[in-house]
Structure formats: structure tokens, C-alpha cells
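Structure data follow from work28.txt (compact mmCIF, C-alpha atoms and all ligand atoms):
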```txt
# COMPACT_ATOMS: atom_id res chain seq x y z
CA MET L 1 216.03 190.32 15.46
CA SER L 2 213.92 189.13 12.58
CA MET L 3 213.74 191.49 9.67
CA THR L 4 211.06 191.57 7.06
CA TRP L 5 211.48 191.56 3.33
CA GLU L 6 210.39 195.21 3.25
CA GLU L 7 212.95 196.23 5.87
CA ILE L 8 215.87 194.56 4.16
CA LYS L 9 214.71 195.98 0.84
CA THR L 10 214.92 199.45 2.35
CA GLU L 11 218.44 198.85 3.68
CA GLN L 12 219.83 196.94 0.70
CA PRO L 13 217.74 197.99 -2.32
CA THR L 14 220.30 197.11 -4.99
CA VAL L 15 221.18 193.70 -3.63
CA MET L 16 217.58 192.67 -3.11
CA ALA L 17 216.51 193.88 -6.55
CA ILE L 18 219.30 191.94 -8.27
CA LEU L 19 218.58 188.71 -6.41
CA LYS L 20 214.82 188.94 -6.79
CA ARG L 21 215.12 189.56 -10.51
CA SER L 22 217.40 186.52 -10.89
CA ILE L 23 214.84 184.34 -9.14
CA ASP L 24 211.92 185.79 -11.11
CA LYS L 25 213.73 185.14 -14.38
CA ASN L 26 215.00 181.77 -13.22
CA ARG L 27 218.58 182.87 -13.69
CA LEU L 28 220.14 182.24 -10.31
CA ALA L 29 223.84 181.35 -10.30
CA HIS L 30 224.95 178.18 -8.50
CA ALA L 31 226.94 180.05 -5.92
CA TYR L 32 227.00 183.52 -4.44
CA VAL L 33 229.38 185.28 -2.13
CA PHE L 34 227.55 187.86 -0.03
CA GLU L 35 230.19 190.27 1.19
CA GLY L 36 229.68 193.23 3.49
CA ARG L 37 230.42 194.63 6.90
CA ARG L 38 228.93 193.25 10.07
CA GLY L 39 225.36 194.35 10.52
CA SER L 40 224.74 194.85 6.81
CA GLY L 41 222.02 192.17 6.89
CA LYS L 42 223.68 189.38 4.85
CA LYS L 43 222.25 186.50 6.82
CA LYS L 44 218.76 187.95 6.99
CA ALA L 45 218.84 188.69 3.28
CA ALA L 46 220.02 185.14 2.57
CA PHE L 47 217.14 183.54 4.45
CA LEU L 48 214.54 185.88 3.00
CA ILE L 49 215.83 185.14 -0.50
CA ILE L 50 215.58 181.43 0.26
CA GLN L 51 212.01 181.92 1.47
CA TYR L 52 211.22 183.75 -1.73
CA LEU L 53 212.67 180.85 -3.66
CA PHE L 54 210.62 178.17 -1.89
CA CYS L 55 207.48 180.13 -0.95
CA LEU L 56 204.24 178.47 -2.06
CA ASP L 57 202.34 181.73 -2.08
CA LYS L 58 204.76 184.47 -3.08
CA ASP L 59 203.79 187.60 -4.96
CA THR L 60 205.69 190.52 -6.43
CA ASN L 61 206.22 191.94 -2.93
CA GLY L 62 208.20 188.94 -1.72
CA PRO L 63 207.58 185.72 0.19
CA CYS L 64 204.31 185.33 2.10
CA GLY L 65 206.08 184.44 5.35
CA LYS L 66 203.14 182.23 6.34
CA CYS L 67 203.11 179.14 4.17
CA ARG L 68 204.59 175.78 5.19
CA ASP L 69 207.89 176.38 3.41
CA CYS L 70 208.32 179.95 4.69
CA LYS L 71 207.65 178.76 8.26
CA ARG L 72 210.08 175.87 7.99
CA ILE L 73 212.82 178.17 6.72
CA GLN L 74 212.12 180.68 9.49
CA HIS L 75 212.39 177.90 12.06
CA GLY L 76 215.52 176.44 10.54
CA ASN L 77 214.00 173.03 9.80
CA HIS L 78 213.40 173.01 6.07
CA PRO L 79 214.70 169.69 4.70
CA ASP L 80 216.31 171.29 1.65
CA VAL L 81 217.99 174.20 3.41
CA MET L 82 221.12 173.92 5.52
CA LEU L 83 223.18 176.40 7.48
CA VAL L 84 226.85 175.91 8.28
CA GLU L 85 228.36 178.04 11.03
CA ARG L 86 231.74 177.98 12.68
CA GLU L 87 232.34 175.61 15.59
CA GLY L 88 234.73 177.40 17.91
CA THR L 89 236.86 179.69 15.79
CA THR L 90 236.73 177.84 12.46
CA ILE L 91 234.53 175.92 10.04
CA LYS L 92 236.07 172.47 9.79
CA LYS L 93 236.40 169.97 6.99
CA ALA L 94 234.12 167.51 8.81
CA GLN L 95 231.32 170.09 8.76
CA VAL L 96 231.60 170.53 4.99
CA GLU L 97 231.73 166.76 4.54
CA SER L 98 228.62 166.20 6.61
CA LEU L 99 226.84 168.84 4.52
CA GLN L 100 227.83 166.97 1.37
CA LYS L 101 226.73 163.65 2.84
CA GLU L 102 223.39 165.06 3.89
CA PHE L 103 222.81 166.49 0.42
CA THR L 104 223.75 163.26 -1.31
CA TYR L 105 221.27 161.45 0.88
CA ARG L 106 218.52 164.01 0.33
CA GLY L 107 219.41 164.30 -3.34
CA MET L 108 217.14 161.31 -3.93
CA GLU L 109 214.27 163.74 -3.56
CA PRO L 110 213.79 166.08 -6.50
CA GLY L 111 214.16 169.82 -6.19
CA LEU L 112 216.71 172.46 -5.34
CA LYS L 113 218.96 172.16 -2.31
CA VAL L 114 220.31 175.29 -0.68
CA TYR L 115 223.09 175.81 1.82
CA VAL L 116 224.30 178.92 3.57
CA VAL L 117 227.84 179.16 4.94
CA ASN L 118 228.01 181.97 7.47
CA GLU L 119 231.45 183.59 7.96
CA ALA L 120 232.74 181.55 5.03
CA ASP L 121 236.21 183.08 5.47
CA LYS L 122 236.50 181.10 8.72
CA MET L 123 236.78 177.82 6.81
CA THR L 124 240.06 176.00 7.38
CA ALA L 125 242.12 175.38 4.23
CA SER L 126 240.98 171.77 4.05
CA ALA L 127 237.34 172.75 4.61
CA ALA L 128 237.60 175.33 1.83
CA ASN L 129 239.13 172.79 -0.56
CA SER L 130 236.43 170.33 0.26
CA LEU L 131 233.76 172.97 -0.40
CA LEU L 132 235.45 173.87 -3.67
CA LYS L 133 235.01 170.30 -4.95
CA PHE L 134 231.40 170.40 -3.87
CA LEU L 135 230.84 173.70 -5.72
CA GLU L 136 232.27 172.16 -8.86
CA GLU L 137 230.45 168.84 -8.79
CA PRO L 138 227.14 168.98 -6.94
CA GLU L 139 225.11 165.81 -7.39
CA SER L 140 221.78 167.60 -7.62
CA PRO L 141 220.67 171.19 -8.33
CA THR L 142 222.28 173.24 -5.59
CA LEU L 143 222.48 176.86 -4.55
CA ALA L 144 225.33 178.01 -2.28
CA LEU L 145 225.22 181.29 -0.38
CA LEU L 146 228.59 182.08 1.19
CA LEU L 147 228.54 185.01 3.60
CA THR L 148 231.63 186.94 4.59
CA GLU L 149 232.86 190.17 6.15
CA ASN L 150 236.28 189.47 4.81
CA ILE L 151 236.29 188.31 1.21
CA HIS L 152 240.06 188.71 0.91
CA SER L 153 240.56 185.85 3.37
CA MET L 154 238.57 183.47 1.18
CA LEU L 155 240.06 181.02 -1.27
CA ASP L 156 240.35 182.79 -4.66
CA THR L 157 239.13 179.71 -6.48
CA ILE L 158 235.91 179.74 -4.44
CA VAL L 159 235.31 183.43 -5.02
CA SER L 160 235.98 183.16 -8.75
CA ARG L 161 233.41 180.36 -9.07
CA SER L 162 230.76 182.43 -7.35
CA GLN L 163 228.86 185.54 -8.16
CA LYS L 164 229.87 188.35 -5.84
CA VAL L 165 227.14 190.44 -4.21
CA THR L 166 228.33 193.45 -2.23
CA PHE L 167 226.16 194.69 0.63
CA ALA L 168 226.14 198.37 1.54
CA PRO L 169 227.68 199.05 4.96
CA PRO L 170 225.30 199.63 7.87
CA SER L 171 224.91 203.20 9.08
CA LEU L 172 227.26 204.54 11.74
CA GLU L 173 224.31 204.79 14.10
CA LYS L 174 223.41 201.14 13.61
CA ARG L 175 227.00 200.03 14.08
CA THR L 176 227.35 202.04 17.30
CA ALA L 177 224.14 200.48 18.63
CA MET L 178 225.44 197.00 17.73
CA TYR L 179 228.55 197.45 19.89
CA GLU L 180 226.50 198.93 22.72
CA GLU L 181 224.29 195.83 22.62
CA GLN L 182 227.42 193.78 23.29
CA GLY L 183 227.82 195.66 26.56
CA ILE L 184 230.59 197.96 25.33
CA SER L 185 230.49 201.51 26.74
CA SER L 186 229.00 204.12 24.44
CA ALA L 187 232.28 206.07 24.35
CA ALA L 188 234.17 203.01 23.06
CA SER L 189 231.28 201.94 20.82
CA SER L 190 231.30 205.18 18.87
CA LEU L 191 235.01 204.66 18.14
CA LEU L 192 234.68 200.96 17.29
CA ALA L 193 231.86 201.76 14.88
CA ARG L 194 234.25 203.95 12.90
CA LEU L 195 237.03 201.38 12.67
CA PRO L 196 237.15 198.22 10.54
CA ASP L 197 235.45 195.15 12.09
CA GLN L 198 238.62 193.17 11.94
CA TRP L 199 242.26 193.75 11.62
CA GLY L 200 245.13 191.28 11.57
CA GLY L 201 242.50 188.54 11.67
CA GLU L 202 241.33 189.63 15.11
CA GLU L 203 237.90 190.88 16.05
CA LEU L 204 238.15 194.52 16.99
CA SER L 205 235.48 194.14 19.67
CA GLU L 206 237.76 191.63 21.41
CA LYS L 207 240.31 194.40 21.81
CA LYS L 208 237.87 196.81 23.35
CA GLU L 209 239.96 197.37 26.48
CA TRP L 210 242.94 198.13 24.29
CA ILE L 211 240.82 200.63 22.36
CA VAL L 212 239.53 202.23 25.55
CA HIS L 213 243.07 202.71 26.82
CA GLY L 214 244.25 203.94 23.41
CA ARG L 215 241.42 206.41 23.47
CA SER L 216 242.56 207.90 26.77
CA LEU L 217 246.11 208.16 25.38
CA VAL L 218 244.81 210.11 22.39
CA ILE L 219 243.00 212.53 24.67
CA GLN L 220 246.08 212.96 26.85
CA LEU L 221 248.48 213.39 23.95
CA LEU L 222 246.33 215.98 22.21
CA GLU L 223 245.83 217.89 25.43
CA GLU L 224 249.63 218.06 25.70
CA VAL L 225 250.15 218.92 22.04
CA HIS L 226 247.99 221.98 22.45
CA HIS L 227 248.71 223.02 26.05
CA ARG L 228 251.90 221.38 27.34
CA PRO L 229 254.02 220.69 24.24
CA GLN L 230 257.21 220.07 26.26
CA GLN L 231 255.50 216.95 27.64
CA THR L 232 254.61 215.25 24.36
CA LEU L 233 257.85 213.46 23.53
CA LEU L 234 257.93 211.85 26.94
CA THR L 235 254.34 210.65 26.63
CA LEU L 236 255.10 209.39 23.14
CA GLN L 237 258.09 207.43 24.40
CA GLU L 238 256.66 206.07 27.62
CA LYS L 239 253.00 205.54 26.82
CA TRP L 240 252.05 205.89 23.17
CA LEU L 241 254.69 203.71 21.49
CA PRO L 242 254.41 200.88 24.06
CA HIS L 243 250.63 200.83 23.48
CA PHE L 244 250.52 201.10 19.70
CA LYS L 245 253.27 198.55 19.24
CA ASP L 246 253.31 197.59 15.57
CA ARG L 247 252.29 199.08 12.27
CA GLU L 248 248.72 197.81 12.38
CA GLU L 249 248.20 199.09 15.91
CA LEU L 250 249.77 202.43 15.14
CA ASP L 251 247.48 202.74 12.13
CA ILE L 252 244.52 202.44 14.50
CA GLY L 253 246.18 204.99 16.81
CA LEU L 254 246.42 207.44 13.90
CA ASP L 255 242.76 206.80 13.10
CA LEU L 256 241.87 207.67 16.69
CA LEU L 257 243.81 210.95 16.34
CA LEU L 258 242.11 211.62 13.03
CA PHE L 259 238.64 211.17 14.52
CA TRP L 260 239.46 213.83 17.12
CA TYR L 261 240.13 216.54 14.52
CA ARG L 262 237.20 215.40 12.43
CA ASP L 263 235.06 215.77 15.55
CA ILE L 264 236.28 219.34 16.05
CA LEU L 265 235.36 220.08 12.45
CA ALA L 266 231.96 218.45 12.97
CA VAL L 267 231.33 220.56 16.08
CA LYS L 268 232.29 223.67 14.12
CA GLN L 269 229.80 222.74 11.44
CA GLY L 270 227.07 221.99 13.97
CA GLN L 271 226.97 218.22 13.36
CA GLU L 272 226.13 215.93 16.24
CA ASP L 273 227.49 212.56 15.26
CA LEU L 274 230.81 212.41 17.10
CA ALA L 275 233.50 209.81 17.69
CA TYR L 276 234.23 211.34 21.12
CA PRO L 277 230.73 212.40 22.24
CA ASP L 278 231.70 212.55 25.93
CA GLN L 279 234.56 215.00 25.20
CA ILE L 280 232.25 217.68 23.87
CA LYS L 281 233.68 220.44 26.15
CA LYS L 282 237.22 219.96 24.84
CA LEU L 283 235.99 219.63 21.27
CA GLU L 284 234.06 222.88 21.55
CA GLN L 285 237.13 224.57 22.95
CA GLY L 286 239.15 223.28 19.98
CA ALA L 287 236.47 224.48 17.59
CA LEU L 288 236.76 227.98 19.05
CA GLN L 289 240.55 228.04 18.85
CA MET L 290 241.10 226.60 15.37
CA SER L 291 239.93 227.76 12.00
CA GLU L 292 238.56 225.22 9.51
CA THR L 293 241.73 225.63 7.46
CA VAL L 294 243.93 224.78 10.44
CA ILE L 295 241.82 221.73 11.30
CA SER L 296 241.83 220.50 7.70
CA GLN L 297 245.60 220.94 7.58
CA ARG L 298 245.97 218.75 10.68
CA VAL L 299 243.70 216.12 9.21
CA GLN L 300 245.92 216.12 6.11
CA TRP L 301 249.07 215.66 8.23
CA ILE L 302 247.58 212.64 9.97
CA LEU L 303 246.51 211.13 6.63
CA HIS L 304 250.03 211.79 5.38
CA ALA L 305 251.46 209.97 8.43
CA LYS L 306 249.17 207.01 7.67
CA ARG L 307 250.58 206.84 4.15
CA ARG L 308 254.17 207.04 5.42
CA LEU L 309 253.38 204.25 7.86
CA ARG L 310 252.43 202.03 4.94
CA ALA L 311 255.77 202.90 3.35
CA ASN L 312 257.49 201.41 6.39
CA VAL L 313 258.81 204.60 7.96
CA ASN L 314 260.10 204.15 11.51
CA ALA L 315 257.23 204.56 13.98
CA GLN L 316 259.00 206.86 16.43
CA LEU L 317 260.30 209.22 13.74
CA LEU L 318 256.92 209.30 12.12
CA MET L 319 255.14 210.18 15.36
CA GLU L 320 257.73 212.79 16.40
CA HIS L 321 257.38 214.45 13.05
CA LEU L 322 253.59 214.41 13.24
CA LEU L 323 253.47 215.80 16.79
CA LEU L 324 255.77 218.68 15.85
CA ARG L 325 253.50 219.58 12.98
CA LEU L 326 250.38 219.37 15.13
CA GLN L 327 252.00 221.77 17.62
CA GLU L 328 252.74 224.41 15.02
CA GLY L 329 250.61 227.46 15.51
CA SER L 330 248.83 226.16 18.59
ZN ZN K 1 205.45 181.52 1.81
```
Same coordinates, now as C-alpha cells:
Amino acid sequence: MSMTWEEIKTEQPTVMAILKRSIDKNRLAHAYVFEGRRGSGKKKAAFLIIQYLFCLDKDTNGPCGKCRDCKRIQHGNHPDVMLVEREGTTIKKAQVESLQKEFTYRGMEPGLKVYVVNEADKMTASAANSLLKFLEEPESPTLALLLTENIHSMLDTIVSRSQKVTFAPPSLEKRTAMYEEQGISSAASSLLARLPDQWGGEELSEKKEWIVHGRSLVIQLLEEVHHRPQQTLLTLQEKWLPHFKDREELDIGLDLLLFWYRDILAVKQGQEDLAYPDQIKKLEQGALQMSETVISQRVQWILHAKRRLRANVNAQLLMEHLLLRLQEGS
């Protein structure tokens, strides 16, 4: 999965231009937070930037990729570059301390030391506090690259001492492919790719079975809304509400409903990138039966329900209200 300087420059032109210019002008900050969705290339960008920094034979197009320093960085054994990754589910204080110890020891040698903390939001509170001290008082010239998909879970004091670099999200196509590579069915992958990577601190991909079941509930419920409306309240009561149990889950459920109507609109407009690609027959049927105005109205109702959900409206009332509206005129 190695990516070249050229490739990352194509995907993240702004980020790479900013960082390269800072290196060229010798104006790098001491610490950066690279934030962006999974698959946006943060880690690859970090290591290419580090190569550019150390490369013995770089030119205006980037690092050479062939010199001793480039090779060592590629192989993860450059003496002045360290990577910290989570052990189990978190990054622990001992890991940050051993990084500090290593740097103090190597600090005898002149030159810049660089460390990368992948998934920096996974640091425990004590690890983060330990890192904060290190950010404030490094013993030798140091560059920190802290990578995260979830900047809001990071210690404010760390973020405020770093320069924030925001990566553009990867394309829908790339995200779908990423989930498929994890062995998730293509039907579920195309939904997962449209949802946030994480919610409530949990990885969405770890709830793939829950998503797959939720998906079938959406298909059933909408089938009933449009063809067997007398059935919907029962399905809501017995299946939907027990599955989408709390506000966060129901929010995902509403997203899944939303994607359905957006798909119908996409089919109507001749687009091919669908959240429910395997349901094309039903989507085409919907596209024939509904005008664009009707579809847009339904999309608006679902968005309205999402806003009411945030305002703490009772889940059952909210869903009953929404289903009634979706049934109107069908
Ligand atoms: Zn080189």
C-alpha cells in the first residue's frame, strides 16, 4: 500500500503544498495535528514529509526515495524517526515515556528528531498529559506529527499547541473499496462508506452486522410505507425501535432512510453511485412513481426528523410522525 509523493500530492494538494513550503522555507512548527477521515492518507503523507525532510538528494519534486535516509524511513528503521501506535485499544503512558527516554538518549547526537503518533486520540489521559509535557519541553529539536480521525477526542491543550492540518476526505469510491477489503459485503460497504467512521467512540465497521440488519429493516419499512401502510406501526414497534435503541443509533437509522430517497433521486437523474446498489429494481420503481419534488420533500422530512432527534424529542413519536408523512400521497 505504499504511495508515492506524486500520488499523495494528487489526493491532498493543499496539505502537501503547505507542508512542503514550510520545509523549503525552514519554517516547520514543532508539532502538527493531521486530522482527516480514515483513508485520507495521513500516515503516508507523514512519512513522505519526513523523507522529504531527511532526504540527502531531494529536489523540487520531493524526496528521492532511494538514498540511505529515504530507505531507512521507508523501512521504519531510521534512528531519528519514531512511530507510536496503539497497543490493544489505547496508547499508554509507558509508550510515551519510552519515546521520551529514547529521544533523550539519542539527543546526544545532533539533528532533528521526529515522532509520529498514529491515532493520537487513542492516548489515555495520562499518556496525553505525558505527551503534553514533552511537547512543551523537548530536550533537542523535535518535530511531532499527531494523526487523528477524531480531533475532538484529543486533549485541547495538545491541539492548541500544535498546528492543525486538515486532510480532504477520501472519495466515496475509495471508502467503499476500503470496507470491501476488510471482507465486508459490498451492500454493507456502500452504506458504511457514507456514514461517519466512528460514533459513540465505537468503530462503525465493528457494528457491521448491526448495520446489515438495520439495512434490511429500512428496506422492509419503506416497502410497507409505500405498499402496506397499515403494517408500519407494528414494524416500528416490534422491529425498528428495538434495533435503533438510542438517539445515536436512531440517527444512523434515519441516515439509512435518507440514503434510500437520495438513491431514488440519483436513479432519476441517471447517476450510478448508489447506497443500495443491489436494490436497483425497487429504486427504479420508486423513481417512476415519485416526482423529484415529492422525493425532495421526503428527504426534507427525514432531515427535519434528524434535527428533532437532536432536540431530544421522544423516539417513538418522532418516528410515527415521520412515517405518516412519508405515507402521504403514496
Ligand atoms: Zn532521498
Write out as a ChimeraX atom specification each polymer residue (protein, DNA or RNA) that has an atom no more than 7 Å from ligand ZN 1 (chain K), with all atoms listed in the file counted.
/L:51,55-58,63-70
Show me a table, sorted first by chain and then by increasing residue number, of the residues of stretch 149-227 of chain L having an atom at most 12 Å from stretch 238-246 of chain L, each with its shortest atom pair and the distance in Å to one decimal, counting only C-alpha atoms and written as a Markdown table.
```
| residue | atom | partner | partner_atom | distance |
| --- | --- | --- | --- | --- |
| L:Gly200 | CA | L:Asp246 | CA | 11.1 |
| L:Glu209 | CA | L:His243 | CA | 11.6 |
| L:Trp210 | CA | L:His243 | CA | 8.2 |
| L:Ile211 | CA | L:His243 | CA | 9.9 |
| L:Val212 | CA | L:His243 | CA | 11.4 |
| L:His213 | CA | L:His243 | CA | 8.5 |
| L:Gly214 | CA | L:His243 | CA | 7.1 |
| L:Arg215 | CA | L:Trp240 | CA | 10.6 |
| L:Ser216 | CA | L:Trp240 | CA | 10.3 |
| L:Leu217 | CA | L:Trp240 | CA | 6.7 |
| L:Val218 | CA | L:Trp240 | CA | 8.4 |
| L:Ile219 | CA | L:Trp240 | CA | 11.3 |
| L:Gln220 | CA | L:Trp240 | CA | 10.0 |
| L:Leu221 | CA | L:Trp240 | CA | 8.3 |
| L:Leu222 | CA | L:Trp240 | CA | 11.6 |
```
Just how far from atom CA of L:Val313 is atom CA of L:Val294, in Å to one decimal?
25.2 Å
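By chain and then residue number, the residues within 12 Å of L:Tyr32 are Val15, Leu19, Ser22, Lys42, Ala46, Ile49, Val114, Tyr115, Val116, Val117, Ala120, Leu135, Thr142, Leu143, Ala144, Leu145, Leu146, Leu147, Thr148, Ile151, Ile158, Val159, Ser160, Arg161, Ser162, Gln163, Lys164, Val165 and Thr166 of chain L, counting only C-alpha atoms and disregarding those fewer than 6 positions away in sequence.
Put simply, atom CA of L:Pro138 is 11.5 Å away from atom CA of L:Leu99.
Taking atom CA of L:Met82 as the reference point, atom CA of L:Arg37 is found at 22.7 Å.
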Find the residue from L:Thr232, L:Lys25, L:Leu322, L:Ser185 that sits nearest to L:Asp278; use all atoms listed in the file when measuring.
L:Ser185
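Nearest residue to L:Glu87 among L:Asn118, L:Asn61, L:Gln297, L:Gln269 is L:Asn118, counting all atoms listed in the file.
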If we count only C-alpha atoms and set the cut-off at 7 Å, which residues sit around stretch 258-262 of chain L, ignoring sequence neighbours fewer than 5 positions away in its own chain? Please answer as number ranges by chain.
L: 275, 295, 299, 302
Shell around L:Val96 at 9 Å using all atoms listed in the file, local window under 5 positions removed, as a ChimeraX atom specification
/L:84,91,101,127-128,130-131,134
Could you pull the residues within 12 Å of L:Glu11, counting only C-alpha atoms, minus those fewer than 6 positions along the same chain, as a PyMOL selection string?
chain L and resi 3-5+17+39-42+44-45+167-171+174
Choose the residue, out of L:Lys282, L:Arg325, L:Arg298, L:Lys306, that has the smallest atom-to-atom separation from L:Leu254; count all atoms listed in the file.
L:Lys306
With N, CA and C atoms as the goal, would you fill in the gaps in stretch 237-254 of chain L and present it as a PDB file, in the frame of the given file?
```
ATOM      1  N   GLN L 237     257.109 208.459  24.096  1.00  0.00           N
ATOM      2  CA  GLN L 237     258.090 207.430  24.400  1.00  0.00           C
ATOM      3  C   GLN L 237     257.576 206.428  25.432  1.00  0.00           C
ATOM      4  N   GLU L 238     256.973 206.945  26.487  1.00  0.00           N
ATOM      5  CA  GLU L 238     256.660 206.070  27.620  1.00  0.00           C
ATOM      6  C   GLU L 238     255.276 205.445  27.546  1.00  0.00           C
ATOM      7  N   LYS L 239     254.354 206.084  26.826  1.00  0.00           N
ATOM      8  CA  LYS L 239     253.000 205.540  26.820  1.00  0.00           C
ATOM      9  C   LYS L 239     252.488 205.177  25.427  1.00  0.00           C
ATOM     10  N   TRP L 240     252.650 206.096  24.490  1.00  0.00           N
ATOM     11  CA  TRP L 240     252.050 205.890  23.170  1.00  0.00           C
ATOM     12  C   TRP L 240     252.697 204.716  22.434  1.00  0.00           C
ATOM     13  N   LEU L 241     254.021 204.762  22.280  1.00  0.00           N
ATOM     14  CA  LEU L 241     254.690 203.710  21.490  1.00  0.00           C
ATOM     15  C   LEU L 241     254.556 202.318  22.126  1.00  0.00           C
ATOM     16  N   PRO L 242     254.637 202.227  23.474  1.00  0.00           N
ATOM     17  CA  PRO L 242     254.410 200.880  24.060  1.00  0.00           C
ATOM     18  C   PRO L 242     252.976 200.372  23.856  1.00  0.00           C
ATOM     19  N   HIS L 243     252.027 201.273  23.653  1.00  0.00           N
ATOM     20  CA  HIS L 243     250.630 200.830  23.480  1.00  0.00           C
ATOM     21  C   HIS L 243     250.346 200.468  22.018  1.00  0.00           C
ATOM     22  N   PHE L 244     250.731 201.377  21.119  1.00  0.00           N
ATOM     23  CA  PHE L 244     250.520 201.100  19.700  1.00  0.00           C
ATOM     24  C   PHE L 244     251.811 200.500  19.159  1.00  0.00           C
ATOM     25  N   LYS L 245     251.958 199.191  19.340  1.00  0.00           N
ATOM     26  CA  LYS L 245     253.270 198.550  19.240  1.00  0.00           C
ATOM     27  C   LYS L 245     253.753 198.312  17.815  1.00  0.00           C
ATOM     28  N   ASP L 246     252.830 197.891  16.926  1.00  0.00           N
ATOM     29  CA  ASP L 246     253.310 197.590  15.570  1.00  0.00           C
ATOM     30  C   ASP L 246     252.581 198.471  14.563  1.00  0.00           C
ATOM     31  N   ARG L 247     252.843 198.210  13.306  1.00  0.00           N
ATOM     32  CA  ARG L 247     252.290 199.080  12.270  1.00  0.00           C
ATOM     33  C   ARG L 247     250.764 199.085  12.250  1.00  0.00           C
ATOM     34  N   GLU L 248     250.186 197.891  12.408  1.00  0.00           N
ATOM     35  CA  GLU L 248     248.720 197.810  12.380  1.00  0.00           C
ATOM     36  C   GLU L 248     248.102 198.552  13.555  1.00  0.00           C
ATOM     37  N   GLU L 249     248.725 198.402  14.731  1.00  0.00           N
ATOM     38  CA  GLU L 249     248.200 199.090  15.910  1.00  0.00           C
ATOM     39  C   GLU L 249     248.369 200.597  15.783  1.00  0.00           C
ATOM     40  N   LEU L 250     249.531 201.000  15.284  1.00  0.00           N
ATOM     41  CA  LEU L 250     249.770 202.430  15.140  1.00  0.00           C
ATOM     42  C   LEU L 250     248.801 203.042  14.115  1.00  0.00           C
ATOM     43  N   ASP L 251     248.443 202.268  13.132  1.00  0.00           N
ATOM     44  CA  ASP L 251     247.480 202.740  12.130  1.00  0.00           C
ATOM     45  C   ASP L 251     246.139 203.052  12.804  1.00  0.00           C
ATOM     46  N   ILE L 252     245.745 202.181  13.742  1.00  0.00           N
ATOM     47  CA  ILE L 252     244.520 202.440  14.500  1.00  0.00           C
ATOM     48  C   ILE L 252     244.703 203.691  15.366  1.00  0.00           C
ATOM     49  N   GLY L 253     245.888 203.818  15.990  1.00  0.00           N
ATOM     50  CA  GLY L 253     246.180 204.990  16.810  1.00  0.00           C
ATOM     51  C   GLY L 253     246.031 206.273  16.001  1.00  0.00           C
ATOM     52  N   LEU L 254     246.534 206.259  14.769  1.00  0.00           N
ATOM     53  CA  LEU L 254     246.420 207.440  13.900  1.00  0.00           C
ATOM     54  C   LEU L 254     244.960 207.696  13.538  1.00  0.00           C
TER      55      LEU L 254
END
```
